[in-house]
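Have a look at data-v2.txt; it's compact mmCIF, C-alpha atoms:
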# COMPACT_ATOMS: atom_id res chain seq x y z
CA GLU A 1 14.31 6.06 -7.53
CA ALA A 2 14.78 9.61 -6.29
CA GLY A 3 12.92 10.49 -3.11
CA VAL A 4 11.03 13.60 -2.12
CA ALA A 5 13.35 16.59 -2.31
CA GLN A 6 13.00 19.60 -0.04
CA SER A 7 14.96 22.80 0.29
CA PRO A 8 16.33 24.47 2.23
CA ARG A 9 17.13 22.06 5.05
CA TYR A 10 17.43 24.81 7.63
CA LYS A 11 16.21 28.39 7.83
CA ILE A 12 16.46 31.01 10.55
CA ILE A 13 14.43 34.19 10.21
CA GLU A 14 13.20 36.99 12.41
CA LYS A 15 9.54 37.28 13.29
CA ARG A 16 7.47 39.22 10.77
CA GLN A 17 9.81 38.19 7.96
CA SER A 18 8.68 35.95 5.11
CA VAL A 19 10.03 32.55 4.11
CA ALA A 20 9.41 29.99 1.39
CA PHE A 21 9.99 26.28 1.22
CA TRP A 22 10.23 24.16 -1.89
CA CYS A 23 9.29 20.55 -2.49
CA ASN A 24 9.76 18.24 -5.46
CA PRO A 25 7.76 15.03 -5.05
CA ILE A 26 8.57 11.60 -6.41
CA SER A 27 7.98 11.52 -10.15
CA GLY A 28 4.46 10.45 -11.03
CA HIS A 29 2.96 11.02 -7.60
CA ALA A 30 -0.21 13.02 -8.03
CA THR A 31 -0.82 13.67 -4.33
CA LEU A 32 1.38 16.04 -2.40
CA TYR A 33 1.16 17.04 1.26
CA TRP A 34 2.70 19.68 3.49
CA TYR A 35 2.90 18.81 7.18
CA GLN A 36 4.02 20.94 10.12
CA GLN A 37 5.84 19.13 12.94
CA ILE A 38 6.35 21.12 16.09
CA LEU A 39 9.06 19.80 18.41
CA GLY A 40 7.78 16.90 20.48
CA GLN A 41 4.59 16.45 18.45
CA GLY A 42 3.41 14.38 15.52
CA PRO A 43 3.14 15.87 12.05
CA LYS A 44 0.01 17.90 11.39
CA LEU A 45 -1.40 18.29 7.90
CA LEU A 46 -1.34 21.81 6.53
CA ILE A 47 -2.45 21.22 2.96
CA GLN A 48 -3.02 18.39 0.51
CA PHE A 49 -2.88 18.70 -3.28
CA GLN A 50 -4.16 16.32 -5.92
CA ASN A 51 -2.28 17.30 -9.07
CA ASN A 52 -2.56 21.10 -9.00
CA GLY A 53 -5.84 21.24 -7.07
CA VAL A 54 -6.28 21.65 -3.33
CA VAL A 55 -7.99 18.70 -1.63
CA ASP A 56 -7.75 19.80 1.99
CA ASP A 57 -6.45 23.05 3.45
CA SER A 58 -8.71 23.17 6.48
CA GLN A 59 -5.78 23.41 8.91
CA LEU A 60 -3.74 25.92 6.96
CA PRO A 61 -3.57 29.34 8.70
CA LYS A 62 -4.57 31.19 5.57
CA ASP A 63 -3.92 34.64 6.99
CA ARG A 64 -0.20 33.94 6.85
CA PHE A 65 0.41 30.64 5.07
CA SER A 66 0.00 29.98 1.38
CA ALA A 67 0.93 27.10 -0.87
CA GLU A 68 0.84 26.41 -4.55
CA ARG A 69 1.47 23.58 -6.97
CA LEU A 70 0.99 25.34 -10.24
CA LYS A 71 1.99 22.64 -12.71
CA GLY A 72 0.99 19.68 -10.60
CA VAL A 73 4.59 18.74 -9.86
CA ASP A 74 6.70 20.74 -7.42
CA SER A 75 5.22 22.89 -4.71
CA THR A 76 6.04 25.96 -2.65
CA LEU A 77 4.87 26.75 0.88
CA LYS A 78 5.15 30.35 2.04
CA ILE A 79 4.78 32.01 5.41
CA GLN A 80 4.28 35.78 5.55
CA PRO A 81 4.67 37.21 8.13
CA ALA A 82 6.24 34.56 10.35
CA LYS A 83 5.49 34.26 14.05
CA LEU A 84 7.54 32.67 16.80
CA GLU A 85 5.08 29.77 16.99
CA ASP A 86 5.81 28.88 13.37
CA SER A 87 9.12 27.39 14.49
CA ALA A 88 8.84 23.78 13.39
CA VAL A 89 9.93 21.24 10.82
CA TYR A 90 7.96 21.47 7.59
CA LEU A 91 7.65 18.09 5.94
CA CYS A 92 6.63 17.48 2.37
CA ALA A 93 5.29 14.10 1.30
CA SER A 94 3.96 12.55 -1.85
CA SER A 95 1.85 9.46 -2.12
CA TRP A 96 1.01 6.67 -4.47
CA GLY A 97 -0.85 3.44 -3.88
CA GLY A 98 -1.90 4.50 -0.40
CA LEU A 99 1.69 5.03 0.77
CA ALA A 100 3.22 8.35 1.75
CA PHE A 101 6.89 9.09 1.20
CA PHE A 102 8.44 11.93 3.15
CA GLY A 103 11.24 14.33 2.46
CA GLN A 104 13.90 15.23 5.02
CA GLY A 105 12.03 18.37 6.01
CA THR A 106 12.94 22.02 6.47
CA ARG A 107 13.67 23.11 10.01
CA LEU A 108 12.44 26.68 10.51
CA THR A 109 13.51 28.74 13.48
CA VAL A 110 11.79 32.08 14.01
CA VAL A 111 13.61 34.40 16.41
CA ALA B 112 -12.51 12.13 11.19
CA GLN B 113 -9.53 9.94 11.86
CA SER B 114 -7.53 10.23 15.07
CA VAL B 115 -4.61 8.38 16.60
CA THR B 116 -3.47 8.06 20.19
CA GLN B 117 -0.15 6.77 21.42
CA PRO B 118 -0.49 6.43 25.20
CA ASP B 119 3.23 6.24 25.94
CA ILE B 120 5.17 9.46 25.48
CA HIS B 121 8.52 7.94 26.37
CA ILE B 122 9.65 4.34 26.81
CA THR B 123 13.04 3.12 27.97
CA VAL B 124 14.17 -0.46 27.41
CA SER B 125 17.45 -2.29 27.77
CA GLU B 126 19.26 -3.48 24.69
CA GLY B 127 18.15 -7.01 23.88
CA ALA B 128 14.82 -6.65 25.64
CA SER B 129 11.51 -6.93 23.85
CA LEU B 130 9.48 -3.88 22.88
CA GLU B 131 5.84 -3.05 22.37
CA LEU B 132 4.62 0.41 21.40
CA ARG B 133 0.90 1.03 21.65
CA CYS B 134 -1.31 2.71 19.10
CA ASN B 135 -5.07 3.19 19.09
CA TYR B 136 -7.00 4.75 16.27
CA SER B 137 -10.43 6.07 15.54
CA TYR B 138 -11.86 5.70 12.08
CA GLY B 139 -15.28 4.78 10.79
CA ALA B 140 -14.24 2.38 8.08
CA THR B 141 -11.39 -0.02 7.49
CA PRO B 142 -8.26 2.03 8.00
CA TYR B 143 -4.90 1.97 6.39
CA LEU B 144 -2.42 1.84 9.29
CA PHE B 145 1.25 2.72 9.38
CA TRP B 146 4.23 2.92 11.67
CA TYR B 147 6.96 5.42 10.91
CA VAL B 148 10.29 5.98 12.62
CA GLN B 149 12.10 9.30 12.87
CA SER B 150 15.69 9.67 13.97
CA PRO B 151 16.87 13.10 15.16
CA GLY B 152 17.07 15.56 12.29
CA GLN B 153 15.72 13.05 9.81
CA GLY B 154 12.53 12.60 7.90
CA LEU B 155 9.96 9.88 8.47
CA GLN B 156 10.84 6.36 7.41
CA LEU B 157 8.08 3.81 6.88
CA LEU B 158 8.53 0.71 9.06
CA LEU B 159 5.42 -1.19 8.03
CA LYS B 160 1.86 -0.85 6.83
CA TYR B 161 -1.49 -2.59 7.05
CA PHE B 162 -4.03 -2.32 4.27
CA SER B 163 -5.96 -5.59 4.47
CA GLY B 164 -5.53 -9.33 4.85
CA ASP B 165 -3.27 -10.92 7.44
CA THR B 166 -3.53 -8.88 10.62
CA LEU B 167 0.09 -9.53 11.60
CA VAL B 168 2.38 -7.55 9.35
CA GLN B 169 6.12 -7.66 9.10
CA GLY B 170 8.24 -4.63 8.48
CA ILE B 171 11.82 -3.57 8.13
CA LYS B 172 14.48 -3.78 10.86
CA GLY B 173 12.76 -6.75 12.52
CA PHE B 174 9.59 -4.90 13.50
CA GLU B 175 6.08 -6.32 13.31
CA ALA B 176 2.64 -5.00 14.15
CA GLU B 177 -0.72 -6.57 14.78
CA PHE B 178 -4.02 -5.06 13.72
CA LYS B 179 -6.84 -5.78 16.18
CA ARG B 180 -10.10 -4.40 14.87
CA SER B 181 -12.01 -5.17 18.07
CA GLN B 182 -9.60 -3.06 20.09
CA SER B 183 -8.94 -0.43 17.39
CA SER B 184 -5.27 -1.04 17.96
CA PHE B 185 -2.15 -1.46 15.87
CA ASN B 186 0.69 -2.12 18.31
CA LEU B 187 4.29 -2.28 17.17
CA ARG B 188 6.57 -5.01 18.48
CA LYS B 189 10.17 -6.10 18.27
CA PRO B 190 11.53 -9.18 20.07
CA SER B 191 15.03 -7.81 20.73
CA VAL B 192 15.83 -4.11 20.66
CA HIS B 193 19.14 -2.78 19.35
CA TRP B 194 20.74 0.50 20.46
CA SER B 195 20.19 1.86 16.95
CA ASP B 196 16.43 1.58 17.44
CA ALA B 197 16.45 4.62 19.71
CA ALA B 198 14.26 7.14 17.89
CA GLU B 199 10.75 8.60 17.76
CA TYR B 200 8.00 6.29 16.55
CA PHE B 201 4.78 7.52 14.99
CA CYS B 202 1.60 5.60 14.31
CA ALA B 203 -0.55 6.93 11.49
CA VAL B 204 -3.92 6.18 9.96
CA GLY B 205 -4.96 6.79 6.40
CA ALA B 206 -8.04 6.05 4.45
CA ASN B 207 -8.78 5.44 0.85
CA TYR B 208 -6.37 6.47 -1.81
CA GLY B 209 -5.97 10.19 -1.96
CA GLN B 210 -6.98 10.94 1.60
CA ASN B 211 -4.65 12.40 4.10
CA PHE B 212 -2.63 10.66 6.80
CA VAL B 213 -3.25 11.47 10.46
CA PHE B 214 -0.39 10.96 12.88
CA GLY B 215 -0.28 10.21 16.56
CA PRO B 216 1.82 12.30 18.96
CA GLY B 217 4.69 9.84 18.88
CA THR B 218 6.55 7.65 21.37
CA ARG B 219 10.18 8.35 22.09
CA LEU B 220 12.21 5.18 22.56
CA SER B 221 15.41 5.20 24.58
CA VAL B 222 17.66 2.13 24.69
CA LEU B 223 19.95 1.42 27.64
CA PRO B 224 23.22 -0.40 26.96

Rewrite the coordinates I just gave you, this time as structure tokens.
Amino acid sequence: EAGVAQSPRYKIIEKRQSVAFWCNPISGHATLYWYQQILGQGPKLLIQFQNNGVVDDSQLPKDRFSAERLKGVDSTLKIQPAKLEDSAVYLCASSWGGLAFFGQGTRLTVV
Amino acid sequence: AQSVTQPDIHITVSEGASLELRCNYSYGATPYLFWYVQSPGQGLQLLLKYFSGDTLVQGIKGFEAEFKRSQSSFNLRKPSVHWSDAAEYFCAVGANYGQNFVFGPGTRLSVLP
């Protein structure tokens, strides 16, 4: 069974630039999450989708972050414009049966 | 709202010694509880989970955890640590299907040869 796929694995951008991350969940998983993991901390939920609808985006900085899951399968997370404090690993996960499965993450460095 | 605390930021043990990592949670109903491990540059790998039933759960790589409702704890244990166990360990709490997972701050495990 293929796992959660994320790309790119690494990204370095300058502050005020924009960046996008892509996630393809495990086939058949209706729930998809984006987490932000700052170095030395636990993952923090940014947004949760159920199919193509948003369940929870209460911790998403909506002035600069956006996410979509148009067809209820893969998802894109965008940051525009990026700030230095956005440097983190962005983890995508999908869940089924109460279990979450994580991708390898995208490590973003904002300089 | 759910929350998770992991009191130990960093633990160092000798190879072959026993290990216990602490986790306390806050949740109003019966939680789903998880331990994940993260090696440097890697994603999160599920070690074990508790949904219901037997409060002592076995996981991969020789790990086990015990759910104690009275103490709101879900501590992770291993009887003999291997050098390859050095990593970051995260406790997480979930709820019913479809709800999000809340993670603790993590405990970094170092293993001395």

Neighbours of chain A in chain B at 9 Å, counting all atoms listed in the file, as a list in words: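 Every residue of chain B that passes the 9 Å test is in Tyr143, Phe145, Gly152, Gln153, Gly154, Leu155, Gln156, Leu157, Lys160, Phe162, Phe201, Gly205, Ala206, Asn207, Tyr208, Gly209, Gln210, Asn211, Phe212, Val213, Phe214, Gly215, Pro216 and Gly217 of chain B.
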
Contacts of region 180-196 of chain B at 8 Å (all atoms listed in the file; same-chain gap of 2+ positions) as number ranges by chain: B: 124-137, 144, 146, 173-178, 198, 220, 222-224

Around the point (9.0, 36.5, 9.6) (coordinates from the file), which residues reach within 10 Å if we count all atoms listed in the file? Answer as a short mmCIF file (atom, residue, chain, number, x, y, z; two decimals) with C-alpha atoms, in the frame of the given file.
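point.cif, written as the output of this step:
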data_model
loop_
_atom_site.label_atom_id
_atom_site.label_comp_id
_atom_site.auth_asym_id
_atom_site.auth_seq_id
_atom_site.Cartn_x
_atom_site.Cartn_y
_atom_site.Cartn_z
CA ILE A 12 16.46 31.01 10.55
CA ILE A 13 14.43 34.19 10.21
CA GLU A 14 13.20 36.99 12.41
CA LYS A 15 9.54 37.28 13.29
CA ARG A 16 7.47 39.22 10.77
CA GLN A 17 9.81 38.19 7.96
CA SER A 18 8.68 35.95 5.11
CA VAL A 19 10.03 32.55 4.11
CA ARG A 64 -0.20 33.94 6.85
CA ILE A 79 4.78 32.01 5.41
CA GLN A 80 4.28 35.78 5.55
CA PRO A 81 4.67 37.21 8.13
CA ALA A 82 6.24 34.56 10.35
CA LYS A 83 5.49 34.26 14.05
CA LEU A 84 7.54 32.67 16.80
CA ASP A 86 5.81 28.88 13.37
CA THR A 109 13.51 28.74 13.48
CA VAL A 110 11.79 32.08 14.01
CA VAL A 111 13.61 34.40 16.41
#

Distance of CA of Asp119 (chain B) from CA of Thr218 (chain B), expressed in Å to one decimal place: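 So the answer is 5.8 Å.
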
d(CA of Trp34 (chain A), CA of His121 (chain B)) in Å: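 About the pair CA of Trp34 (chain A) and CA of His121 (chain B): they are 26.4 Å apart.
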
Residue nearest Val148 (chain B) among B:Thr166, B:Ile171, B:Val115, B:Lys179 (counting only C-alpha atoms):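 Under the stated criterion, the closest residue is B:Ile171.
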
Between CA of Gln113 (chain B) and CA of Ser58 (chain A) - distance in Å to one decimal: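 Answer for the CA of Ser58 (chain A) to CA of Gln113 (chain B) separation: 14.3 Å.
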
Sphere at (3.8, 30.1, -6.3), radius 9 Å, counting all atoms listed in the file: residues as a list in words: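 In the file's frame, the residues around the point are Ser66, Ala67, Glu68, Arg69, Leu70, Ser75, Thr76, Leu77 and Lys78 of chain A.
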
With all atoms of region 93-101 of chain A from the file as input, state the centre and edge lengths in Å to one decimal of the axis-aligned box that has 8 Å extra on each side, as lines of an AutoDock Vina configuration file.
center_x = 2.5
center_y = 8.8
center_z = -1.4
size_x = 24.8
size_y = 26.7
size_z = 22.2

Extract region 174-206 of chain B from the coordinates I pasted, and write it as a compact mmCIF listing (two decimals), in the first residue's frame (atoms kept: N, CA and C atoms).
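The result, stored in selection.txt:
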# COMPACT_ATOMS: atom_id res chain seq x y z
N PHE B 174 8.18 -1.97 22.07
CA PHE B 174 7.59 -0.96 22.95
C PHE B 174 6.22 -1.39 23.44
N GLU B 175 5.86 -0.91 24.62
CA GLU B 175 4.53 -1.09 25.17
C GLU B 175 4.13 0.17 25.90
N ALA B 176 2.84 0.34 26.11
CA ALA B 176 2.36 1.50 26.85
C ALA B 176 1.16 1.09 27.68
N GLU B 177 0.99 1.78 28.79
CA GLU B 177 -0.12 1.46 29.68
C GLU B 177 -1.01 2.68 29.86
N PHE B 178 -2.27 2.50 29.62
CA PHE B 178 -3.28 3.54 29.80
C PHE B 178 -3.79 3.49 31.24
N LYS B 179 -3.65 4.59 31.96
CA LYS B 179 -4.17 4.68 33.32
C LYS B 179 -5.15 5.86 33.37
N ARG B 180 -6.41 5.50 33.35
CA ARG B 180 -7.46 6.55 33.30
C ARG B 180 -7.40 7.43 34.55
N SER B 181 -7.17 6.82 35.70
CA SER B 181 -7.19 7.59 36.95
C SER B 181 -6.08 8.64 37.00
N GLN B 182 -5.01 8.39 36.28
CA GLN B 182 -3.88 9.32 36.27
C GLN B 182 -3.81 10.11 34.97
N SER B 183 -4.74 9.87 34.05
CA SER B 183 -4.72 10.50 32.73
C SER B 183 -3.33 10.36 32.10
N SER B 184 -2.82 9.14 32.16
CA SER B 184 -1.47 8.93 31.65
C SER B 184 -1.44 7.81 30.63
N PHE B 185 -0.42 7.85 29.82
CA PHE B 185 -0.21 6.81 28.79
C PHE B 185 1.29 6.73 28.58
N ASN B 186 1.99 6.13 29.53
CA ASN B 186 3.45 6.09 29.52
C ASN B 186 3.96 4.98 28.61
N LEU B 187 5.03 5.29 27.94
CA LEU B 187 5.67 4.36 27.00
C LEU B 187 6.84 3.68 27.69
N ARG B 188 6.98 2.38 27.47
CA ARG B 188 8.06 1.64 28.13
C ARG B 188 8.75 0.70 27.15
N LYS B 189 10.00 0.44 27.46
CA LYS B 189 10.75 -0.59 26.74
C LYS B 189 11.74 -1.20 27.73
N PRO B 190 11.79 -2.52 27.82
CA PRO B 190 12.64 -3.15 28.85
C PRO B 190 14.13 -3.03 28.58
N SER B 191 14.54 -2.96 27.30
CA SER B 191 15.96 -2.90 26.99
C SER B 191 16.13 -2.05 25.74
N VAL B 192 16.76 -0.91 25.91
CA VAL B 192 16.88 0.06 24.82
C VAL B 192 18.05 -0.28 23.91
N HIS B 193 17.86 -0.10 22.63
CA HIS B 193 18.90 -0.32 21.62
C HIS B 193 19.35 1.04 21.09
N TRP B 194 20.58 1.12 20.60
CA TRP B 194 21.11 2.40 20.12
C TRP B 194 20.21 2.99 19.03
N SER B 195 19.56 2.12 18.25
CA SER B 195 18.72 2.59 17.16
C SER B 195 17.42 3.24 17.65
N ASP B 196 17.15 3.15 18.95
CA ASP B 196 15.95 3.78 19.49
C ASP B 196 16.11 5.28 19.70
N ALA B 197 17.32 5.77 19.56
CA ALA B 197 17.54 7.21 19.72
C ALA B 197 16.72 7.97 18.68
N ALA B 198 15.85 8.84 19.15
CA ALA B 198 14.92 9.55 18.27
C ALA B 198 14.08 10.49 19.12
N GLU B 199 13.11 11.13 18.49
CA GLU B 199 12.14 11.97 19.20
C GLU B 199 10.84 11.18 19.30
N TYR B 200 10.24 11.21 20.48
CA TYR B 200 9.02 10.45 20.72
C TYR B 200 7.89 11.42 21.06
N PHE B 201 6.77 11.21 20.37
CA PHE B 201 5.61 12.08 20.57
C PHE B 201 4.41 11.27 21.02
N CYS B 202 3.77 11.76 22.06
CA CYS B 202 2.49 11.22 22.50
C CYS B 202 1.39 12.07 21.87
N ALA B 203 0.31 11.43 21.47
CA ALA B 203 -0.78 12.17 20.84
C ALA B 203 -2.12 11.64 21.33
N VAL B 204 -3.10 12.51 21.33
CA VAL B 204 -4.46 12.13 21.71
C VAL B 204 -5.41 12.48 20.58
N GLY B 205 -6.30 11.57 20.29
CA GLY B 205 -7.33 11.80 19.30
C GLY B 205 -8.67 11.56 19.95
N ALA B 206 -9.69 11.73 19.16
CA ALA B 206 -11.02 11.53 19.71
C ALA B 206 -11.77 10.59 18.78
